[in-house]
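Text of upload-v8.cif (mmCIF, C-alpha atoms) as supplied:
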```cif
data_work
#
loop_
_atom_site.group_PDB
_atom_site.id
_atom_site.type_symbol
_atom_site.label_atom_id
_atom_site.label_comp_id
_atom_site.auth_asym_id
_atom_site.auth_seq_id
_atom_site.Cartn_x
_atom_site.Cartn_y
_atom_site.Cartn_z
ATOM 1 C CA MET A 4 0.000 0.000 0.000
ATOM 2 C CA ASP A 5 2.772 2.455 0.946
ATOM 3 C CA GLU A 6 4.740 1.602 -2.192
ATOM 4 C CA PHE A 7 1.720 2.242 -4.407
ATOM 5 C CA TRP A 8 0.671 5.459 -2.710
ATOM 6 C CA SER A 9 4.182 6.902 -3.006
ATOM 7 C CA GLY A 10 3.356 7.550 -6.670
ATOM 8 C CA VAL A 11 0.360 9.757 -5.835
ATOM 9 C CA ASN A 12 0.933 13.521 -5.725
ATOM 10 C CA PRO A 13 -1.226 16.687 -5.565
ATOM 11 C CA GLN A 14 -1.652 16.612 -9.357
ATOM 12 C CA THR A 15 -3.134 13.093 -9.342
ATOM 13 C CA LYS A 16 -6.729 13.163 -10.599
ATOM 14 C CA VAL A 17 -7.353 9.499 -11.477
ATOM 15 C CA ILE A 18 -5.979 6.205 -10.165
ATOM 16 C CA TYR A 19 -6.224 3.215 -12.490
ATOM 17 C CA LEU A 20 -5.212 -0.190 -11.148
ATOM 18 C CA SER A 21 -5.927 -3.904 -11.390
ATOM 19 C CA MET A 22 -7.494 -6.008 -8.654
ATOM 20 C CA ILE A 23 -5.210 -8.824 -9.780
ATOM 21 C CA THR A 24 -2.264 -7.926 -11.971
ATOM 22 C CA SER A 25 -1.899 -9.868 -15.204
ATOM 23 C CA PRO A 26 1.870 -10.554 -15.471
ATOM 24 C CA THR A 27 2.551 -11.221 -11.773
ATOM 25 C CA ALA A 28 -0.911 -12.346 -10.568
ATOM 26 C CA LEU A 29 -0.551 -10.119 -7.502
ATOM 27 C CA ARG A 30 -3.697 -9.277 -5.572
ATOM 28 C CA MET A 31 -3.651 -5.515 -5.008
ATOM 29 C CA PRO A 32 -5.061 -3.779 -1.882
ATOM 30 C CA VAL A 33 -7.731 -2.081 -3.975
ATOM 31 C CA GLU A 34 -10.224 -1.537 -1.150
ATOM 32 C CA LYS A 35 -7.723 0.492 0.896
ATOM 33 C CA ILE A 36 -6.531 2.412 -2.162
ATOM 34 C CA CYS A 37 -10.086 3.294 -3.230
ATOM 35 C CA GLN A 38 -11.010 4.355 0.298
ATOM 36 C CA LEU A 39 -8.025 6.679 0.583
ATOM 37 C CA ALA A 40 -8.528 8.022 -2.949
ATOM 38 C CA ARG A 41 -12.151 8.907 -2.165
ATOM 39 C CA LYS A 42 -10.992 10.979 0.811
ATOM 40 C CA LYS A 43 -8.514 12.786 -1.448
ATOM 41 C CA GLY A 44 -11.097 13.435 -4.174
ATOM 42 C CA ILE A 45 -9.309 11.166 -6.664
ATOM 43 C CA LEU A 46 -11.341 9.150 -9.193
ATOM 44 C CA THR A 47 -10.655 5.388 -9.116
ATOM 45 C CA ILE A 48 -10.931 3.027 -12.085
ATOM 46 C CA VAL A 49 -10.454 -0.662 -11.294
ATOM 47 C CA ASP A 50 -9.627 -3.332 -13.857
ATOM 48 C CA ALA A 51 -11.209 -6.476 -12.414
ATOM 49 C CA ALA A 52 -10.538 -8.697 -15.427
ATOM 50 C CA HIS A 53 -9.327 -11.664 -13.337
ATOM 51 C CA ALA A 54 -11.312 -11.020 -10.159
ATOM 52 C CA PRO A 55 -14.952 -12.186 -10.620
ATOM 53 C CA GLY A 56 -15.129 -15.869 -9.760
ATOM 54 C CA GLN A 57 -11.595 -15.946 -8.386
ATOM 55 C CA LEU A 58 -12.420 -13.473 -5.601
ATOM 56 C CA GLN A 59 -15.605 -12.363 -3.924
ATOM 57 C CA VAL A 60 -16.257 -9.027 -5.651
ATOM 58 C CA ASP A 61 -18.555 -6.712 -3.682
ATOM 59 C CA LEU A 62 -18.828 -3.492 -5.671
ATOM 60 C CA GLN A 63 -20.176 -1.507 -2.733
ATOM 61 C CA MET A 64 -17.427 -2.606 -0.352
ATOM 62 C CA LEU A 65 -14.808 -2.100 -3.050
ATOM 63 C CA GLY A 66 -15.713 1.570 -3.186
ATOM 64 C CA ALA A 67 -14.322 2.255 -6.666
ATOM 65 C CA ASP A 68 -15.884 4.840 -8.962
ATOM 66 C CA ILE A 69 -15.610 2.665 -12.073
ATOM 67 C CA VAL A 70 -15.107 -1.098 -12.279
ATOM 68 C CA PHE A 71 -15.005 -3.358 -15.306
ATOM 69 C CA GLY A 72 -14.374 -7.080 -15.387
ATOM 70 C CA ASN A 73 -14.704 -10.289 -17.356
ATOM 71 C CA CYS A 74 -17.042 -13.148 -16.590
ATOM 72 C CA HIS A 75 -15.434 -15.618 -19.000
ATOM 73 C CA LYS A 76 -12.096 -15.958 -17.201
ATOM 74 C CA TRP A 77 -13.046 -17.373 -13.796
ATOM 75 C CA MET A 78 -16.866 -17.405 -13.727
ATOM 76 C CA LEU A 79 -17.152 -20.070 -16.439
ATOM 77 C CA ALA A 80 -19.339 -17.912 -18.682
ATOM 78 C CA PRO A 81 -18.729 -17.738 -22.466
ATOM 79 C CA LYS A 82 -16.206 -15.375 -24.001
ATOM 80 C CA GLY A 83 -17.633 -11.938 -24.578
ATOM 81 C CA SER A 84 -19.386 -11.731 -21.205
ATOM 82 C CA ALA A 85 -18.251 -8.789 -19.134
ATOM 83 C CA PHE A 86 -19.606 -5.921 -17.057
ATOM 84 C CA LEU A 87 -19.123 -2.198 -16.537
ATOM 85 C CA TYR A 88 -20.047 -0.588 -13.220
ATOM 86 C CA VAL A 89 -20.068 3.185 -12.781
ATOM 87 C CA ARG A 90 -21.075 4.893 -9.547
ATOM 88 C CA SER A 91 -24.445 6.536 -10.162
ATOM 89 C CA ASP A 92 -23.393 10.117 -9.433
ATOM 90 C CA ILE A 93 -20.627 10.042 -12.070
ATOM 91 C CA GLN A 94 -22.461 8.135 -14.813
ATOM 92 C CA LYS A 95 -23.009 11.446 -16.581
ATOM 93 C CA ILE A 96 -19.288 11.677 -17.471
ATOM 94 C CA ILE A 97 -19.360 8.386 -19.412
ATOM 95 C CA GLU A 98 -19.541 8.570 -23.201
ATOM 96 C CA PRO A 99 -19.489 5.472 -25.440
ATOM 97 C CA LEU A 100 -16.866 5.013 -28.152
ATOM 98 C CA VAL A 101 -19.516 3.188 -30.191
ATOM 99 C CA VAL A 102 -22.923 4.873 -30.348
ATOM 100 C CA SER A 103 -25.646 2.643 -28.924
ATOM 101 C CA TRP A 104 -29.227 2.221 -30.130
ATOM 102 C CA GLY A 105 -30.454 4.496 -27.358
ATOM 103 C CA PHE A 106 -28.117 7.423 -28.046
ATOM 104 C CA GLN A 107 -31.071 9.400 -29.373
ATOM 105 C CA THR A 108 -33.962 8.330 -27.182
ATOM 106 C CA THR A 109 -37.685 8.834 -27.438
ATOM 107 C CA PRO A 110 -40.266 8.540 -24.669
ATOM 108 C CA GLU A 111 -41.163 5.124 -26.096
ATOM 109 C CA THR A 112 -37.613 3.712 -26.148
ATOM 110 C CA THR A 113 -35.795 5.173 -23.141
ATOM 111 C CA THR A 114 -35.166 3.043 -20.049
ATOM 112 C CA GLY A 115 -35.168 6.131 -17.870
ATOM 113 C CA SER A 116 -31.387 5.972 -17.498
ATOM 114 C CA ARG A 117 -29.148 7.760 -19.992
ATOM 115 C CA PHE A 118 -26.250 5.554 -18.853
ATOM 116 C CA ILE A 119 -28.136 2.400 -19.846
ATOM 117 C CA ASP A 120 -29.617 3.950 -22.989
ATOM 118 C CA ILE A 121 -26.230 4.865 -24.484
ATOM 119 C CA LEU A 122 -24.472 1.605 -23.583
ATOM 120 C CA GLN A 123 -26.909 -1.275 -23.410
ATOM 121 C CA TRP A 124 -27.788 -2.086 -27.007
ATOM 122 C CA ALA A 125 -25.016 -1.837 -29.596
ATOM 123 C CA GLY A 126 -26.844 -2.714 -32.796
ATOM 124 C CA THR A 127 -26.288 -6.261 -34.020
ATOM 125 C CA ASN A 128 -23.972 -7.281 -31.178
ATOM 126 C CA ASP A 129 -24.993 -10.761 -29.993
ATOM 127 C CA PRO A 130 -26.106 -10.559 -26.308
ATOM 128 C CA SER A 131 -26.044 -14.339 -25.727
ATOM 129 C CA ALA A 132 -22.819 -14.281 -23.710
ATOM 130 C CA TYR A 133 -24.174 -11.609 -21.359
ATOM 131 C CA LEU A 134 -27.419 -13.494 -20.864
ATOM 132 C CA SER A 135 -25.511 -16.607 -19.751
ATOM 133 C CA VAL A 136 -23.986 -14.933 -16.693
ATOM 134 C CA PRO A 137 -26.896 -15.658 -14.276
ATOM 135 C CA ALA A 138 -26.622 -19.364 -15.153
ATOM 136 C CA ALA A 139 -22.866 -19.258 -14.514
ATOM 137 C CA ILE A 140 -23.448 -17.637 -11.113
ATOM 138 C CA GLN A 141 -26.079 -20.258 -10.258
ATOM 139 C CA PHE A 142 -23.691 -23.062 -11.272
ATOM 140 C CA MET A 143 -21.042 -21.701 -8.911
ATOM 141 C CA GLN A 144 -23.557 -21.459 -6.076
ATOM 142 C CA ASP A 145 -24.819 -24.979 -6.695
ATOM 143 C CA ASN A 146 -21.287 -26.394 -6.639
ATOM 144 C CA ASP A 147 -19.965 -24.715 -3.466
ATOM 145 C CA TRP A 148 -17.540 -22.487 -5.311
ATOM 146 C CA SER A 149 -16.038 -21.096 -2.116
ATOM 147 C CA ASP A 150 -14.701 -24.612 -1.460
ATOM 148 C CA VAL A 151 -13.503 -24.842 -5.067
ATOM 149 C CA ARG A 152 -11.511 -21.630 -4.600
ATOM 150 C CA VAL A 153 -9.866 -22.973 -1.456
ATOM 151 C CA GLU A 154 -8.888 -26.249 -3.116
ATOM 152 C CA SER A 155 -7.633 -24.457 -6.239
ATOM 153 C CA ASN A 156 -5.490 -22.183 -4.083
ATOM 154 C CA ARG A 157 -4.086 -25.218 -2.256
ATOM 155 C CA LEU A 158 -3.064 -26.860 -5.540
ATOM 156 C CA LEU A 159 -1.538 -23.603 -6.738
ATOM 157 C CA ARG A 160 0.580 -23.326 -3.583
ATOM 158 C CA ILE A 161 1.828 -26.879 -4.169
ATOM 159 C CA ALA A 162 2.753 -26.029 -7.763
ATOM 160 C CA ILE A 163 4.644 -22.850 -6.817
ATOM 161 C CA TYR A 164 6.434 -24.612 -3.956
ATOM 162 C CA GLU A 165 7.521 -27.573 -6.080
ATOM 163 C CA ILE A 166 8.759 -25.400 -8.954
ATOM 164 C CA CYS A 167 10.705 -23.129 -6.599
ATOM 165 C CA ASN A 168 12.134 -26.152 -4.809
ATOM 166 C CA GLU A 169 13.100 -27.854 -8.078
ATOM 167 C CA PHE A 170 15.063 -24.858 -9.343
ATOM 168 C CA ASN A 171 16.229 -23.572 -5.948
ATOM 169 C CA LEU A 172 14.485 -20.211 -6.410
ATOM 170 C CA LYS A 173 12.614 -18.036 -3.928
ATOM 171 C CA PRO A 174 8.844 -17.529 -4.322
ATOM 172 C CA VAL A 175 7.738 -14.053 -5.358
ATOM 173 C CA TYR A 176 5.218 -13.874 -2.519
ATOM 174 C CA PRO A 177 4.833 -15.782 0.772
ATOM 175 C CA LEU A 178 2.998 -19.011 0.015
ATOM 176 C CA GLU A 179 0.911 -18.697 3.190
ATOM 177 C CA SER A 180 -0.456 -15.280 2.252
ATOM 178 C CA HIS A 181 -3.450 -13.703 0.546
ATOM 179 C CA PHE A 182 -1.324 -12.056 -2.135
ATOM 180 C CA PHE A 183 -2.657 -14.526 -4.718
ATOM 181 C CA ALA A 184 -5.811 -16.592 -5.197
ATOM 182 C CA GLN A 185 -6.222 -19.159 -8.003
ATOM 183 C CA MET A 186 -3.577 -17.625 -10.238
ATOM 184 C CA GLY A 187 0.058 -17.177 -9.305
ATOM 185 C CA ILE A 188 3.573 -17.080 -10.692
ATOM 186 C CA ALA A 189 6.645 -19.164 -9.988
ATOM 187 C CA PRO A 190 10.134 -17.987 -10.960
ATOM 188 C CA LEU A 191 12.158 -19.736 -13.632
ATOM 189 C CA PRO A 192 15.895 -19.801 -14.295
ATOM 190 C CA GLY A 193 17.029 -18.093 -17.492
ATOM 191 C CA VAL A 194 15.331 -19.936 -20.364
ATOM 192 C CA ASN A 195 14.208 -19.532 -23.965
ATOM 193 C CA LEU A 196 10.552 -18.791 -23.183
ATOM 194 C CA ASN A 197 9.252 -19.308 -26.718
ATOM 195 C CA LEU A 198 10.886 -22.712 -27.005
ATOM 196 C CA LEU A 199 9.769 -23.772 -23.538
ATOM 197 C CA LYS A 200 6.168 -22.770 -24.248
ATOM 198 C CA LYS A 201 6.176 -24.716 -27.521
ATOM 199 C CA LEU A 202 7.660 -27.849 -25.973
ATOM 200 C CA LEU A 203 5.335 -27.787 -22.961
ATOM 201 C CA TYR A 204 2.369 -27.801 -25.313
ATOM 202 C CA THR A 205 3.595 -30.299 -27.892
ATOM 203 C CA LYS A 206 5.130 -32.822 -25.470
ATOM 204 C CA TYR A 207 2.985 -32.447 -22.355
ATOM 205 C CA LYS A 208 -0.242 -30.808 -23.617
ATOM 206 C CA VAL A 209 0.249 -27.980 -21.129
ATOM 207 C CA GLU A 210 -0.900 -24.486 -22.115
ATOM 208 C CA VAL A 211 0.538 -21.942 -19.711
ATOM 209 C CA PRO A 212 1.709 -18.314 -20.001
ATOM 210 C CA LEU A 213 5.447 -17.748 -19.627
ATOM 211 C CA ILE A 214 6.218 -14.218 -18.485
ATOM 212 C CA GLN A 215 9.201 -11.942 -19.032
ATOM 213 C CA TRP A 216 8.917 -9.262 -16.321
ATOM 214 C CA HIS A 217 11.840 -6.820 -16.442
ATOM 215 C CA ASP A 218 14.939 -9.022 -16.076
ATOM 216 C CA LYS A 219 13.128 -12.016 -14.571
ATOM 217 C CA GLN A 220 11.122 -14.910 -15.987
ATOM 218 C CA PHE A 221 8.084 -16.656 -14.559
ATOM 219 C CA VAL A 222 5.499 -19.299 -15.305
ATOM 220 C CA ARG A 223 1.965 -18.074 -14.544
ATOM 221 C CA ILE A 224 -0.203 -20.904 -13.270
ATOM 222 C CA SER A 225 -4.007 -20.838 -13.219
ATOM 223 C CA VAL A 226 -5.883 -23.495 -11.248
ATOM 224 C CA GLN A 227 -9.622 -23.847 -11.844
ATOM 225 C CA GLY A 228 -12.209 -26.218 -10.424
ATOM 226 C CA TYR A 229 -11.619 -28.808 -13.138
ATOM 227 C CA ASN A 230 -7.874 -29.055 -12.460
ATOM 228 C CA THR A 231 -6.419 -31.832 -10.308
ATOM 229 C CA ARG A 232 -3.148 -32.699 -8.603
ATOM 230 C CA SER A 233 -2.210 -34.776 -11.640
ATOM 231 C CA ASP A 234 -2.347 -31.619 -13.785
ATOM 232 C CA ILE A 235 0.098 -29.937 -11.396
ATOM 233 C CA ASP A 236 2.372 -32.979 -11.546
ATOM 234 C CA VAL A 237 2.446 -32.878 -15.356
ATOM 235 C CA LEU A 238 3.395 -29.186 -15.348
ATOM 236 C CA VAL A 239 6.190 -29.651 -12.797
ATOM 237 C CA ARG A 240 7.508 -32.739 -14.549
ATOM 238 C CA GLY A 241 7.436 -30.991 -17.907
ATOM 239 C CA LEU A 242 9.361 -27.979 -16.636
ATOM 240 C CA THR A 243 11.907 -30.237 -14.936
ATOM 241 C CA GLU A 244 12.490 -32.514 -17.914
ATOM 242 C CA LEU A 245 12.597 -29.715 -20.486
ATOM 243 C CA MET A 246 14.912 -27.412 -18.581
ATOM 244 C CA PRO A 247 18.191 -28.830 -20.013
ATOM 245 C CA GLN A 248 16.883 -28.130 -23.526
ATOM 246 C CA VAL A 249 15.757 -24.554 -22.956
ATOM 247 C CA MET A 250 18.363 -23.036 -20.619
ATOM 248 C CA VAL A 251 20.173 -19.947 -21.944
#
```
Can you give me the file's structure in the form of structure tokens?
Amino acid sequence: MDEFWSGVNPQTKVIYLSMITSPTALRMPVEKICQLARKKGILTIVDAAHAPGQLQVDLQMLGADIVFGNCHKWMLAPKGSAFLYVRSDIQKIIEPLVVSWGFQTTPETTTGSRFIDILQWAGTNDPSAYLSVPAAIQFMQDNDWSDVRVESNRLLRIAIYEICNEFNLKPVYPLESHFFAQMGIAPLPGVNLNLLKKLLYTKYKVEVPLIQWHDKQFVRISVQGYNTRSDIDVLVRGLTELMPQVMV
């Protein structure tokens, strides 16, 4: 929190940040940042692309002015399903890049909300993915998704620990922490990332992002409800067996 806020100064008007960062899978203290920003009169925009389904997202408790996120990443909904939340008293500042059907409203067509009118219906865009989200939420409720999250996090911790142990490297974050949920990174020794990614897929049928972050390299692991310990074992074995071929 202190490290992040050190970049804020009297000229700061907007803070844009991710709930969970993409390259390092770090869970950011967004609630505290949004709370402090509100006191300072700073607008907050939160990218929650990886959060819904992986974390409990309460928009009121989050306290951000604008939040957008995907439902296809961790909520099991189809690609193309997403949401945009804007606090009601600032909805008037939002303008669409693509004009919606309700941009010019009539008494017969308006919903009563300009925000909804200008954004809800974008011509021939297929709404099927959006309409699937309630079913995805119901599926998660029916299958005790809070327990699924806990088990997925447990498997992820095992994967990070075993990879770090195999290559004698230190984890990026404490394994017994809340800095990551179902997605996390493990460090790698210096390797040819493109070759490693290709070989992991062709030889082990493992699809996994390999990250170059500044001068360091990582494997970013995502564990969902359908993954098992055997999947983790295949990933660790693949990295171990391929390492002599991909070291630089």
ask   = Do you know which residues are at most 8 Å from stretch 181-190 of chain A counting only C-alpha atoms, after dropping those on the same chain fewer than 2 positions away, and could you put them as a PyMOL selection string?
value = chain A and resi 27-31+57-58+152+155-156+159+163+166-167+172-177+179+192+219-227
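The space between atom CA of A:Glu6 and atom CA of A:Val33 spans 13.1 Å.
Applied to this file, the PyMOL selection byres ((chain A and resi 56) around 9) selects His53, Ala54, Pro55, Gln57, Leu58, Gln59, Val60, Cys74, Lys76, Trp77, Met78, Leu79, Ile140, Met143, Trp148 and Arg152 of chain A.
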Selection result for the PyMOL selection byres ((chain A and resi 240) around 12) on this file, as a PDB file with C-alpha atoms, in the frame of the given file:
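Below is the file that was written, result23.pdb:
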```
ATOM      1  CA  ALA A 162       2.753 -26.029  -7.763  1.00  0.00           C
ATOM      2  CA  GLU A 165       7.521 -27.573  -6.080  1.00  0.00           C
ATOM      3  CA  ILE A 166       8.759 -25.400  -8.954  1.00  0.00           C
ATOM      4  CA  GLU A 169      13.100 -27.854  -8.078  1.00  0.00           C
ATOM      5  CA  LEU A 203       5.335 -27.787 -22.961  1.00  0.00           C
ATOM      6  CA  LYS A 206       5.130 -32.822 -25.470  1.00  0.00           C
ATOM      7  CA  TYR A 207       2.985 -32.447 -22.355  1.00  0.00           C
ATOM      8  CA  VAL A 209       0.249 -27.980 -21.129  1.00  0.00           C
ATOM      9  CA  SER A 233      -2.210 -34.776 -11.640  1.00  0.00           C
ATOM     10  CA  ASP A 234      -2.347 -31.619 -13.785  1.00  0.00           C
ATOM     11  CA  ILE A 235       0.098 -29.937 -11.396  1.00  0.00           C
ATOM     12  CA  ASP A 236       2.372 -32.979 -11.546  1.00  0.00           C
ATOM     13  CA  VAL A 237       2.446 -32.878 -15.356  1.00  0.00           C
ATOM     14  CA  LEU A 238       3.395 -29.186 -15.348  1.00  0.00           C
ATOM     15  CA  VAL A 239       6.190 -29.651 -12.797  1.00  0.00           C
ATOM     16  CA  GLY A 241       7.436 -30.991 -17.907  1.00  0.00           C
ATOM     17  CA  LEU A 242       9.361 -27.979 -16.636  1.00  0.00           C
ATOM     18  CA  THR A 243      11.907 -30.237 -14.936  1.00  0.00           C
ATOM     19  CA  GLU A 244      12.490 -32.514 -17.914  1.00  0.00           C
ATOM     20  CA  LEU A 245      12.597 -29.715 -20.486  1.00  0.00           C
ATOM     21  CA  MET A 246      14.912 -27.412 -18.581  1.00  0.00           C
TER      22      MET A 246
END
```
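Between A:Ala40 and the residues A:Val11, A:Ala52, A:Ile214, A:Val136, the shortest atom-to-atom distance, using all atoms listed in the file, involves A:Val11.
For the set A:Glu210, A:Asp129, A:Asp145, A:Asp68, the residue with the smallest atom-to-atom gap to A:Thr47 is A:Asp68, counting all atoms listed in the file.
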message = My list of candidates is A:Gln248, A:Asn230, A:Ile96, A:Glu154. Which is closest to A:Val194 when distances are computed with only C-alpha atoms?
response = A:Gln248
key: Contacts of stretch 117-128 of chain A at 6 Å (all atoms listed in the file; same-chain gap of 2+ positions) as an MDAnalysis selection string   = chainID A and resid 103:106
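Closest approach to A:Asp147 from the set A:Leu178, A:Ile161, A:Ala85, A:Gly228 is made by A:Gly228, with distances taken over all atoms listed in the file.
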